[in-house]
>>> print(open('start-v4.cif').read())   # mmCIF, C-alpha atoms and all ligand atoms
data_upload
loop_
_atom_site.label_atom_id
_atom_site.label_comp_id
_atom_site.auth_asym_id
_atom_site.auth_seq_id
_atom_site.Cartn_x
_atom_site.Cartn_y
_atom_site.Cartn_z
CA MET A 1 30.05 -4.88 25.13
CA LYS A 2 33.56 -4.06 23.93
CA GLY A 3 34.62 -6.42 21.14
CA GLN A 4 31.17 -7.94 20.76
CA HIS A 5 29.49 -8.15 17.35
CA TYR A 6 26.06 -6.56 16.90
CA ILE A 7 23.77 -6.46 13.86
CA MET A 8 21.74 -3.27 13.51
CA THR A 9 18.86 -2.11 11.36
CA GLY A 10 17.57 1.47 11.19
CA ALA A 11 21.09 2.77 11.92
CA THR A 12 21.01 5.40 9.15
CA SER A 13 18.68 7.77 10.98
CA GLY A 14 17.19 8.94 14.27
CA LEU A 15 17.34 6.60 17.24
CA GLY A 16 19.23 3.90 15.32
CA LEU A 17 21.93 6.36 14.28
CA ALA A 18 22.33 7.51 17.90
CA LEU A 19 22.61 3.86 18.96
CA LEU A 20 25.18 3.13 16.25
CA LYS A 21 27.38 6.05 17.37
CA SER A 22 27.14 4.92 20.96
CA LEU A 23 28.09 1.32 20.09
CA LEU A 24 31.05 2.46 18.00
CA GLN A 25 32.28 4.68 20.85
CA GLN A 26 32.22 1.59 23.05
CA HIS A 27 34.31 -0.38 20.53
CA VAL A 28 31.53 -2.77 19.60
CA GLN A 29 31.88 -4.36 16.16
CA VAL A 30 28.73 -3.39 14.26
CA THR A 31 27.24 -4.72 11.04
CA VAL A 32 24.57 -2.36 9.73
CA LEU A 33 21.85 -3.51 7.33
CA ALA A 34 20.84 -0.40 5.37
CA ARG A 35 18.85 0.41 2.26
CA ASN A 36 20.72 3.74 1.95
CA PRO A 37 24.30 2.90 3.05
CA GLN A 38 25.59 6.25 1.75
CA LYS A 39 23.82 8.00 4.65
CA ILE A 40 26.42 6.66 7.09
CA ALA A 41 29.37 6.17 4.73
CA GLN A 42 31.31 8.99 6.43
CA LEU A 43 31.28 7.05 9.72
CA THR A 44 33.51 4.37 8.17
CA HIS A 45 36.33 6.98 8.01
CA SER A 46 36.23 7.66 11.74
CA VAL A 47 36.48 4.05 12.94
CA ASN A 48 38.71 1.05 12.43
CA ALA A 49 37.72 -0.72 9.15
CA LYS A 50 36.92 -3.92 11.02
CA GLN A 51 34.61 -2.15 13.45
CA LEU A 52 31.88 -1.10 11.03
CA THR A 53 30.49 -3.09 8.10
CA ILE A 54 27.56 -1.83 6.06
CA ILE A 55 25.51 -4.36 4.09
CA GLN A 56 23.10 -3.11 1.44
CA CYS A 57 19.73 -4.42 2.57
CA ASP A 58 16.26 -3.11 1.86
CA LEU A 59 14.15 -4.75 4.53
CA LEU A 60 11.22 -4.86 2.10
CA ASN A 61 13.27 -7.11 -0.18
CA LEU A 62 13.36 -10.76 0.90
CA ASP A 63 16.32 -11.54 -1.40
CA ASP A 64 18.35 -8.81 0.34
CA ILE A 65 17.48 -10.31 3.74
CA ASN A 66 18.29 -13.85 2.58
CA ASN A 67 21.70 -12.68 1.33
CA VAL A 68 22.76 -11.03 4.62
CA THR A 69 24.51 -13.99 6.23
CA SER A 70 26.77 -14.59 3.23
CA GLN A 71 28.14 -11.04 3.68
CA LEU A 72 28.73 -11.04 7.45
CA PRO A 73 32.30 -10.10 8.45
CA ASN A 74 31.98 -12.30 11.53
CA THR A 75 29.42 -15.09 11.90
CA HIS A 76 29.51 -14.89 15.69
CA ILE A 77 26.60 -12.55 16.62
CA ASP A 78 26.26 -11.23 20.17
CA GLY A 79 23.21 -9.07 19.52
CA LEU A 80 20.61 -7.70 17.15
CA ILE A 81 19.15 -4.20 17.47
CA TYR A 82 16.10 -3.81 15.23
CA SER A 83 15.53 -0.05 15.08
CA SER A 84 14.02 0.17 11.60
CA GLY A 85 10.39 1.15 11.63
CA THR A 86 7.84 3.13 9.75
CA GLY A 87 4.29 4.40 9.99
CA TYR A 88 1.78 6.79 8.50
CA PHE A 89 -0.34 9.17 10.51
CA LYS A 90 -3.53 9.06 8.46
CA SER A 91 -6.97 7.45 8.55
CA LEU A 92 -7.55 3.79 7.71
CA GLN A 93 -9.16 4.72 4.41
CA ALA A 94 -6.36 7.13 3.47
CA HIS A 95 -3.66 4.42 3.71
CA ASN A 96 -2.93 2.98 0.28
CA THR A 97 -2.17 -0.74 -0.07
CA ASP A 98 1.59 -0.23 -0.32
CA GLU A 99 1.64 1.85 2.88
CA ILE A 100 -0.35 -0.80 4.76
CA LEU A 101 1.92 -3.63 3.60
CA GLU A 102 5.11 -1.62 4.23
CA THR A 103 4.06 -0.81 7.80
CA TYR A 104 3.57 -4.46 8.76
CA GLN A 105 6.49 -5.77 6.72
CA ILE A 106 9.03 -3.40 8.26
CA ASN A 107 7.62 -3.25 11.78
CA ILE A 108 6.98 -6.95 12.34
CA VAL A 109 6.96 -9.49 9.48
CA ASN A 110 10.47 -8.97 8.18
CA PHE A 111 11.87 -8.68 11.71
CA ASN A 112 10.78 -12.30 12.09
CA VAL A 113 12.25 -13.24 8.69
CA LEU A 114 15.59 -11.63 9.62
CA PHE A 115 15.60 -13.18 13.09
CA LYS A 116 15.14 -16.67 11.62
CA ILE A 117 17.99 -16.15 9.17
CA LEU A 118 20.35 -14.90 11.89
CA LEU A 119 19.28 -17.46 14.51
CA PRO A 120 22.00 -20.08 13.78
CA TYR A 121 24.68 -17.41 14.28
CA PHE A 122 23.57 -15.97 17.63
CA THR A 123 25.68 -16.74 20.68
CA ASN A 124 23.87 -18.51 23.49
CA GLU A 125 23.20 -15.36 25.51
CA ALA A 126 22.68 -12.94 22.62
CA SER A 127 20.70 -9.73 23.15
CA ILE A 128 17.72 -9.18 20.87
CA VAL A 129 16.55 -5.58 21.13
CA GLY A 130 13.45 -4.28 19.36
CA ILE A 131 12.05 -0.76 19.28
CA GLY A 132 8.35 -0.87 20.03
CA SER A 133 6.18 2.11 20.91
CA GLN A 134 3.85 3.42 23.60
CA ALA A 135 1.43 3.64 20.63
CA ALA A 136 0.94 -0.10 21.10
CA PHE A 137 -0.88 0.44 24.39
CA THR A 138 -3.64 2.79 23.25
CA THR A 139 -6.20 3.06 20.47
CA GLN A 140 -4.58 4.97 17.61
CA ALA A 141 -7.14 6.72 15.44
CA TYR A 142 -5.32 8.12 12.37
CA ALA A 143 -2.31 5.87 13.03
CA ALA A 144 -4.06 2.52 13.39
CA HIS A 145 -1.70 0.40 11.30
CA TYR A 146 1.33 1.85 13.07
CA GLY A 147 -0.16 1.13 16.52
CA ALA A 148 -1.37 -2.32 15.46
CA SER A 149 2.01 -3.29 14.03
CA LYS A 150 3.80 -2.18 17.22
CA ALA A 151 1.29 -4.08 19.41
CA ALA A 152 1.99 -7.19 17.32
CA PHE A 153 5.74 -6.57 17.57
CA ILE A 154 5.60 -6.44 21.37
CA GLN A 155 3.63 -9.71 21.45
CA LEU A 156 6.18 -11.32 19.18
CA MET A 157 9.09 -10.15 21.36
CA ASN A 158 7.36 -11.47 24.50
CA ALA A 159 6.88 -14.87 22.86
CA LEU A 160 10.47 -14.87 21.63
CA ARG A 161 11.66 -14.33 25.22
CA LEU A 162 9.79 -17.47 26.32
CA GLU A 163 10.77 -19.57 23.31
CA HIS A 164 14.48 -18.67 23.63
CA PRO A 165 15.11 -18.33 27.38
CA SER A 166 18.89 -18.14 27.01
CA PHE A 167 18.60 -14.92 24.97
CA HIS A 168 18.24 -11.47 26.48
CA VAL A 169 15.12 -10.07 24.80
CA MET A 170 14.44 -6.37 25.42
CA THR A 171 11.61 -4.24 24.03
CA VAL A 172 11.94 -0.46 24.04
CA ASN A 173 8.49 1.11 24.17
CA THR A 174 9.02 4.75 23.52
CA GLY A 175 6.75 7.77 23.25
CA PRO A 176 7.52 10.46 20.66
CA VAL A 177 11.23 10.85 19.88
CA ASN A 178 12.75 13.83 18.09
CA THR A 179 13.81 12.09 14.86
CA PRO A 180 13.15 12.29 11.10
CA PHE A 181 10.44 9.62 11.61
CA HIS A 182 7.89 12.43 11.82
CA ASN A 183 8.79 13.96 8.42
CA HIS A 184 7.68 10.70 6.85
CA ALA A 185 4.75 9.80 9.14
CA ASP A 186 3.09 13.19 8.74
CA PRO A 187 4.75 15.48 6.18
CA THR A 188 2.64 18.42 7.45
CA LEU A 189 4.54 18.01 10.79
CA LYS A 190 1.35 19.01 12.60
CA TYR A 191 1.76 16.27 15.24
CA ALA A 192 5.51 16.82 15.59
CA LYS A 193 5.11 20.56 16.16
CA LYS A 194 2.30 20.06 18.67
CA TYR A 195 4.24 17.51 20.74
CA GLN A 196 7.76 18.90 20.28
CA ARG A 197 7.88 19.81 23.99
CA ILE A 198 7.50 16.23 25.18
CA MET A 199 9.68 14.54 22.59
CA LEU A 200 12.52 12.40 23.88
CA ASP A 201 16.09 13.10 22.86
CA PRO A 202 17.38 10.17 20.71
CA THR A 203 20.92 10.36 22.12
CA ARG A 204 19.69 10.15 25.70
CA LEU A 205 17.32 7.30 24.84
CA ALA A 206 20.15 5.47 23.05
CA HIS A 207 22.24 5.79 26.22
CA ASP A 208 19.39 4.24 28.27
CA ILE A 209 19.07 1.41 25.75
CA ILE A 210 22.79 0.58 25.96
CA GLU A 211 22.51 0.64 29.75
CA GLY A 212 19.45 -1.65 29.43
CA ILE A 213 21.48 -4.11 27.36
CA ASN A 214 24.29 -4.11 29.91
CA LYS A 215 21.84 -4.63 32.78
CA ARG A 216 19.84 -7.18 30.73
CA LYS A 217 16.56 -5.33 31.28
CA ILE A 218 13.55 -6.84 29.53
CA GLU A 219 11.62 -3.62 28.90
CA ILE A 220 12.27 0.10 28.69
CA ASN A 221 9.17 2.29 28.83
CA GLN A 222 9.68 6.00 28.24
CA PRO A 223 8.56 8.57 29.13
CA LYS A 224 7.56 6.97 32.42
CA TRP A 225 4.60 9.33 33.02
CA MET A 226 3.09 8.30 29.68
CA HIS A 227 3.48 4.62 30.49
CA VAL A 228 1.79 5.09 33.89
CA MET A 229 -1.08 7.07 32.32
CA LEU A 230 -1.61 4.32 29.76
CA LYS A 231 -1.79 1.72 32.55
CA PHE A 232 -4.74 3.67 34.03
CA TYR A 233 -6.31 4.09 30.58
CA ASN A 234 -6.22 0.31 30.16
CA LEU A 235 -8.45 -0.13 33.23
CA ALA A 236 -11.41 1.33 31.29
CA PRO A 237 -10.27 2.01 27.72
CA ARG A 238 -13.63 2.10 25.93
CA THR A 239 -15.15 4.42 28.56
CA LEU A 240 -12.22 6.84 28.34
CA GLU A 241 -12.36 6.80 24.54
CA ARG A 242 -16.08 7.70 24.72
CA LEU A 243 -15.54 10.48 27.28
CA PHE A 244 -12.39 12.01 25.74
CA PRO A 245 -12.37 11.07 22.02
CA PHE A 246 -10.05 13.97 21.06
CA VAL A 247 -7.22 12.44 23.14
CA PHE A 248 -7.26 9.35 20.91
CA LYS A 249 -7.42 11.32 17.67
CA ASN A 250 -4.34 13.45 18.30
CA LYS A 251 -2.56 12.21 15.15
CA LYS A 252 -5.25 13.66 12.85
N1 LIG B 301 10.31 8.87 16.43
C1 LIG B 301 9.28 8.55 17.20
O1 LIG B 301 8.52 9.42 17.67
C2 LIG B 301 9.06 7.12 17.57
C3 LIG B 301 8.12 6.84 18.58
C4 LIG B 301 7.89 5.52 18.95
C5 LIG B 301 8.61 4.51 18.33
N2 LIG B 301 9.50 4.81 17.34
C6 LIG B 301 10.21 3.71 16.69
O2 LIG B 301 11.59 3.89 16.85
C7 LIG B 301 12.28 3.20 15.80
C8 LIG B 301 13.31 4.15 15.22
O3 LIG B 301 12.62 5.18 14.53
P1 LIG B 301 13.23 6.62 14.33
O4 LIG B 301 12.40 7.55 15.12
O5 LIG B 301 14.70 6.59 14.52
O6 LIG B 301 12.83 6.83 12.79
P2 LIG B 301 13.69 7.26 11.53
O7 LIG B 301 14.62 8.36 11.87
O8 LIG B 301 12.68 7.48 10.45
O9 LIG B 301 14.55 5.94 11.19
C9 LIG B 301 13.96 4.80 10.65
C10 LIG B 301 15.05 3.87 10.18
O10 LIG B 301 14.43 2.72 9.58
C11 LIG B 301 15.05 2.50 8.31
N3 LIG B 301 14.16 1.84 7.36
C12 LIG B 301 12.88 2.17 7.08
N4 LIG B 301 12.45 1.40 6.06
C13 LIG B 301 13.47 0.58 5.72
C14 LIG B 301 13.66 -0.42 4.73
N5 LIG B 301 12.68 -0.73 3.87
N6 LIG B 301 14.84 -1.07 4.67
C15 LIG B 301 15.85 -0.74 5.52
N7 LIG B 301 15.75 0.21 6.47
C16 LIG B 301 14.57 0.86 6.55
C17 LIG B 301 15.38 3.91 7.83
O11 LIG B 301 16.29 3.86 6.75
P3 LIG B 301 16.53 5.16 5.80
O12 LIG B 301 17.50 6.04 6.54
O13 LIG B 301 17.08 4.57 4.56
O14 LIG B 301 15.20 5.84 5.61
C18 LIG B 301 15.95 4.50 9.11
O15 LIG B 301 17.28 4.09 9.30
C19 LIG B 301 11.20 2.75 14.81
O16 LIG B 301 10.89 1.40 15.04
C20 LIG B 301 10.01 3.61 15.19
O17 LIG B 301 8.79 2.99 14.86
C21 LIG B 301 9.74 6.09 16.95
#
>>> encode(input="start-v4.cif", output="structure tokens", more="lines below")
Ligand SMILES: NC(=O)c1ccc[n+]([C@@H]2O[C@H](COP(=O)([O-])OP(=O)(O)OC[C@H]3O[C@@H](n4cnc5c(N)ncnc54)[C@H](OP(=O)(O)O)[C@@H]3O)[C@@H](O)[C@H]2O)c1
Amino acid sequence: MKGQHYIMTGATSGLGLALLKSLLQQHVQVTVLARNPQKIAQLTHSVNAKQLTIIQCDLLNLDDINNVTSQLPNTHIDGLIYSSGTGYFKSLQAHNTDEILETYQINIVNFNVLFKILLPYFTNEASIVGIGSQAAFTTQAYAAHYGASKAAFIQLMNALRLEHPSFHVMTVNTGPVNTPFHNHADPTLKYAKKYQRIMLDPTRLAHDIIEGINKRKIEINQPKWMHVMLKFYNLAPRTLERLFPFVFKNKK
């Protein structure tokens, strides 16, 4: 990947930040789209000025997205890593309208808007990497919009792979990762504390994602045991939900 040019979202925190550091170490030229550029401003001091460009872009703002291409340092794009994402661990009725719209706009709708805007600039074999979630594969009481948006995102990525066969399209379906995501999803941190033991390390996951890009994998599912369990669950989902309802309400 050395010398290639990647666009990244979500690079100011958590998994995206770990991915950004890894790309910079490998001498990839990265353009970050960030609503809070100051969060990674110090990184610009540790790398060559040409290696890291930060564009102010709130992914909820269509004007910001439309203005991205006019600010690119290099219009040759070898890859896009869409690591921005959000969600709220609360009941359907507790979500307010802004939270519902934000979840779908960040997790799926504006990914598509950004992809369309960048499309003319992608190289023929560009990598398009999206961070999905294992939450997409199971009923998510008290996180329904998050799970639904990630299920839609995975469908969109699968269709994109078929519509653009020359691209490398990879979806990363991850279980809980130890990142600031949880402070926002559930400020009580009840879920995060309960599942701390099984949370993935963002740096290790970032390493696997970079390896996945190099090997042109089409999916990364982690942790593997969770993915296998969810395959069995999908053989009789409604029955298992009736027998073990507490398992599907663990974000309450
Ligand atoms: N953590 C988990 O347990 C987990 C599990 C499964 C899947 N995922 C997925 O993994 C991906 C990375 O999440 P993470 O855990 O690294 O979460 P995180 O630490 O909360 O990072 C989320 C990133 O998205 C950015 N973002 C959110 N709204 C934005 C907006 N309107 N405009 C621009 N950027 C925006 C944030 O920017 P700011 O820094 O400005 O807030 C931040 O850089 C997400 O897609 C998430 O859904 C996470």
>>> atom_distance(input="start-v4.cif", atom1="CA of Lys194 (chain A)", atom2="CA of Thr239 (chain A)")
25.4 Å
>>> residues_near_ligand(input="start-v4.cif", ligand="ligand LIG 301 (chain B)", cutoff="9 Å", atoms="only C-alpha atoms and all ligand atoms", output="number ranges by chain")
A: 9-18, 33-37, 39-40, 56-61, 82-87, 102-103, 105-107, 130-135, 146, 150, 172-185, 192, 199-200, 202
>>> closest_residue(input="start-v4.cif", among="A:Phe167, A:Tyr233, A:Trp225, A:Phe246", to="Phe122 (chain A)", atoms="all atoms listed in the file")
A:Phe167
>>> closest_residue(input="start-v4.cif", among="A:Gln196, A:Ser91, A:Gln51, A:Asn234", to="Gln29 (chain A)", atoms="only C-alpha atoms")
A:Gln51
>>> residues_around(input="start-v4.cif", residues="Ile81 (chain A)", least_positions_apart="5", cutoff="8 Å", atoms="all atoms listed in the file", output="VMD selection string")
chain A and resid 6 to 9 128 to 130
>>> residues_near_point(input="start-v4.cif", point="(32.1, -7.7, 17.6)", cutoff="6 Å", atoms="only C-alpha atoms", output="JSON, numbers by chain")
{"A": [3, 4, 5, 28, 29]}
>>> residues_near_point(input="start-v4.cif", point="(-3.8, 5.9, 3.6)", cutoff="12 Å", atoms="all atoms listed in the file", output="list in words")
Gly87, Tyr88, Phe89, Lys90, Ser91, Leu92, Gln93, Ala94, His95, Asn96, Thr97, Asp98, Glu99, Ile100, Leu101, Glu102, Thr103, Tyr142, Ala143, Ala144, His145, Tyr146, Ala185 and Asp186 of chain A
>>> residues_around(input="start-v4.cif", residues="Leu119 (chain A)", least_positions_apart="4", cutoff="12 Å", atoms="only C-alpha atoms", output="PDB file with C-alpha atoms, in the coordinates of the input")
ATOM      1  CA  ILE A   7      23.770  -6.460  13.860  1.00  0.00           C
ATOM      2  CA  THR A  69      24.510 -13.990   6.230  1.00  0.00           C
ATOM      3  CA  THR A  75      29.420 -15.090  11.900  1.00  0.00           C
ATOM      4  CA  HIS A  76      29.510 -14.890  15.690  1.00  0.00           C
ATOM      5  CA  ILE A  77      26.600 -12.550  16.620  1.00  0.00           C
ATOM      6  CA  ASP A  78      26.260 -11.230  20.170  1.00  0.00           C
ATOM      7  CA  GLY A  79      23.210  -9.070  19.520  1.00  0.00           C
ATOM      8  CA  LEU A  80      20.610  -7.700  17.150  1.00  0.00           C
ATOM      9  CA  PHE A 111      11.870  -8.680  11.710  1.00  0.00           C
ATOM     10  CA  ASN A 112      10.780 -12.300  12.090  1.00  0.00           C
ATOM     11  CA  VAL A 113      12.250 -13.240   8.690  1.00  0.00           C
ATOM     12  CA  LEU A 114      15.590 -11.630   9.620  1.00  0.00           C
ATOM     13  CA  PHE A 115      15.600 -13.180  13.090  1.00  0.00           C
ATOM     14  CA  THR A 123      25.680 -16.740  20.680  1.00  0.00           C
ATOM     15  CA  ASN A 124      23.870 -18.510  23.490  1.00  0.00           C
ATOM     16  CA  GLU A 125      23.200 -15.360  25.510  1.00  0.00           C
ATOM     17  CA  ALA A 126      22.680 -12.940  22.620  1.00  0.00           C
ATOM     18  CA  SER A 127      20.700  -9.730  23.150  1.00  0.00           C
ATOM     19  CA  ILE A 128      17.720  -9.180  20.870  1.00  0.00           C
ATOM     20  CA  LEU A 160      10.470 -14.870  21.630  1.00  0.00           C
ATOM     21  CA  HIS A 164      14.480 -18.670  23.630  1.00  0.00           C
ATOM     22  CA  PHE A 167      18.600 -14.920  24.970  1.00  0.00           C
TER      23      PHE A 167
END
>>> atom_distance(input="start-v4.cif", atom1="CA of Thr44 (chain A)", atom2="CA of His27 (chain A)")
13.3 Å
>>> atom_distance(input="start-v4.cif", atom1="CA of Pro73 (chain A)", atom2="CA of Thr31 (chain A)")
7.8 Å
>>> closest_residue(input="start-v4.cif", among="A:Val32, A:Ala41, A:Ile198, A:Met1", to="Gln71 (chain A)", atoms="only C-alpha atoms")
A:Val32
>>> closest_residue(input="start-v4.cif", among="A:Lys190, A:Arg161, A:Lys215, A:Lys50", to="Asn250 (chain A)", atoms="only C-alpha atoms")
A:Lys190
>>> closest_residue(input="start-v4.cif", among="A:Leu43, A:Ile218, A:Lys231, A:Thr139", to="Pro165 (chain A)", atoms="only C-alpha atoms")
A:Ile218
>>> closest_residue(input="start-v4.cif", among="A:Gln222, A:Thr138, A:Ser46, A:Asn66", to="Arg238 (chain A)", atoms="only C-alpha atoms")
A:Thr138
>>> decode(input="start-v4.cif", residues="region 2-19 of chain A", atoms="N, CA and C atoms", output="PDB file, in the first residue's frame")
ATOM      1  N   LYS A   2       2.156   1.103   0.156  1.00  0.00           N
ATOM      2  CA  LYS A   2       3.048   2.261   0.245  1.00  0.00           C
ATOM      3  C   LYS A   2       2.842   3.198  -0.963  1.00  0.00           C
ATOM      4  N   GLY A   3       2.660   4.486  -0.668  1.00  0.00           N
ATOM      5  CA  GLY A   3       2.516   5.463  -1.747  1.00  0.00           C
ATOM      6  C   GLY A   3       1.101   5.572  -2.308  1.00  0.00           C
ATOM      7  N   GLN A   4       0.219   4.674  -1.902  1.00  0.00           N
ATOM      8  CA  GLN A   4      -1.155   4.761  -2.390  1.00  0.00           C
ATOM      9  C   GLN A   4      -1.908   5.862  -1.650  1.00  0.00           C
ATOM     10  N   HIS A   5      -3.022   6.292  -2.226  1.00  0.00           N
ATOM     11  CA  HIS A   5      -3.811   7.370  -1.610  1.00  0.00           C
ATOM     12  C   HIS A   5      -5.167   6.828  -1.150  1.00  0.00           C
ATOM     13  N   TYR A   6      -5.394   6.915   0.162  1.00  0.00           N
ATOM     14  CA  TYR A   6      -6.659   6.447   0.747  1.00  0.00           C
ATOM     15  C   TYR A   6      -7.448   7.617   1.331  1.00  0.00           C
ATOM     16  N   ILE A   7      -8.767   7.540   1.195  1.00  0.00           N
ATOM     17  CA  ILE A   7      -9.669   8.482   1.884  1.00  0.00           C
ATOM     18  C   ILE A   7     -10.206   7.742   3.098  1.00  0.00           C
ATOM     19  N   MET A   8     -10.257   8.417   4.236  1.00  0.00           N
ATOM     20  CA  MET A   8     -10.784   7.789   5.451  1.00  0.00           C
ATOM     21  C   MET A   8     -11.836   8.648   6.121  1.00  0.00           C
ATOM     22  N   THR A   9     -12.856   8.003   6.662  1.00  0.00           N
ATOM     23  CA  THR A   9     -13.774   8.684   7.579  1.00  0.00           C
ATOM     24  C   THR A   9     -13.658   7.979   8.940  1.00  0.00           C
ATOM     25  N   GLY A  10     -14.088   8.656   9.986  1.00  0.00           N
ATOM     26  CA  GLY A  10     -14.047   8.043  11.323  1.00  0.00           C
ATOM     27  C   GLY A  10     -12.645   7.916  11.880  1.00  0.00           C
ATOM     28  N   ALA A  11     -11.676   8.646  11.286  1.00  0.00           N
ATOM     29  CA  ALA A  11     -10.267   8.465  11.676  1.00  0.00           C
ATOM     30  C   ALA A  11      -9.881   9.260  12.927  1.00  0.00           C
ATOM     31  N   THR A  12     -10.839   9.966  13.529  1.00  0.00           N
ATOM     32  CA  THR A  12     -10.507  10.769  14.718  1.00  0.00           C
ATOM     33  C   THR A  12     -10.707  10.003  16.021  1.00  0.00           C
ATOM     34  N   SER A  13     -11.135   8.735  15.917  1.00  0.00           N
ATOM     35  CA  SER A  13     -11.431   8.015  17.167  1.00  0.00           C
ATOM     36  C   SER A  13     -11.438   6.509  16.926  1.00  0.00           C
ATOM     37  N   GLY A  14     -11.224   5.775  17.999  1.00  0.00           N
ATOM     38  CA  GLY A  14     -11.444   4.328  18.019  1.00  0.00           C
ATOM     39  C   GLY A  14     -10.764   3.540  16.913  1.00  0.00           C
ATOM     40  N   LEU A  15     -11.533   2.716  16.248  1.00  0.00           N
ATOM     41  CA  LEU A  15     -10.997   1.828  15.209  1.00  0.00           C
ATOM     42  C   LEU A  15     -10.400   2.634  14.049  1.00  0.00           C
ATOM     43  N   GLY A  16     -11.088   3.707  13.662  1.00  0.00           N
ATOM     44  CA  GLY A  16     -10.599   4.535  12.551  1.00  0.00           C
ATOM     45  C   GLY A  16      -9.244   5.151  12.870  1.00  0.00           C
ATOM     46  N   LEU A  17      -9.080   5.608  14.108  1.00  0.00           N
ATOM     47  CA  LEU A  17      -7.806   6.214  14.508  1.00  0.00           C
ATOM     48  C   LEU A  17      -6.694   5.158  14.464  1.00  0.00           C
ATOM     49  N   ALA A  18      -7.001   3.953  14.925  1.00  0.00           N
ATOM     50  CA  ALA A  18      -6.005   2.864  14.878  1.00  0.00           C
ATOM     51  C   ALA A  18      -5.650   2.545  13.420  1.00  0.00           C
ATOM     52  N   LEU A  19      -6.647   2.580  12.551  1.00  0.00           N
ATOM     53  CA  LEU A  19      -6.389   2.319  11.123  1.00  0.00           C
ATOM     54  C   LEU A  19      -5.533   3.431  10.512  1.00  0.00           C
TER      55      LEU A  19
END
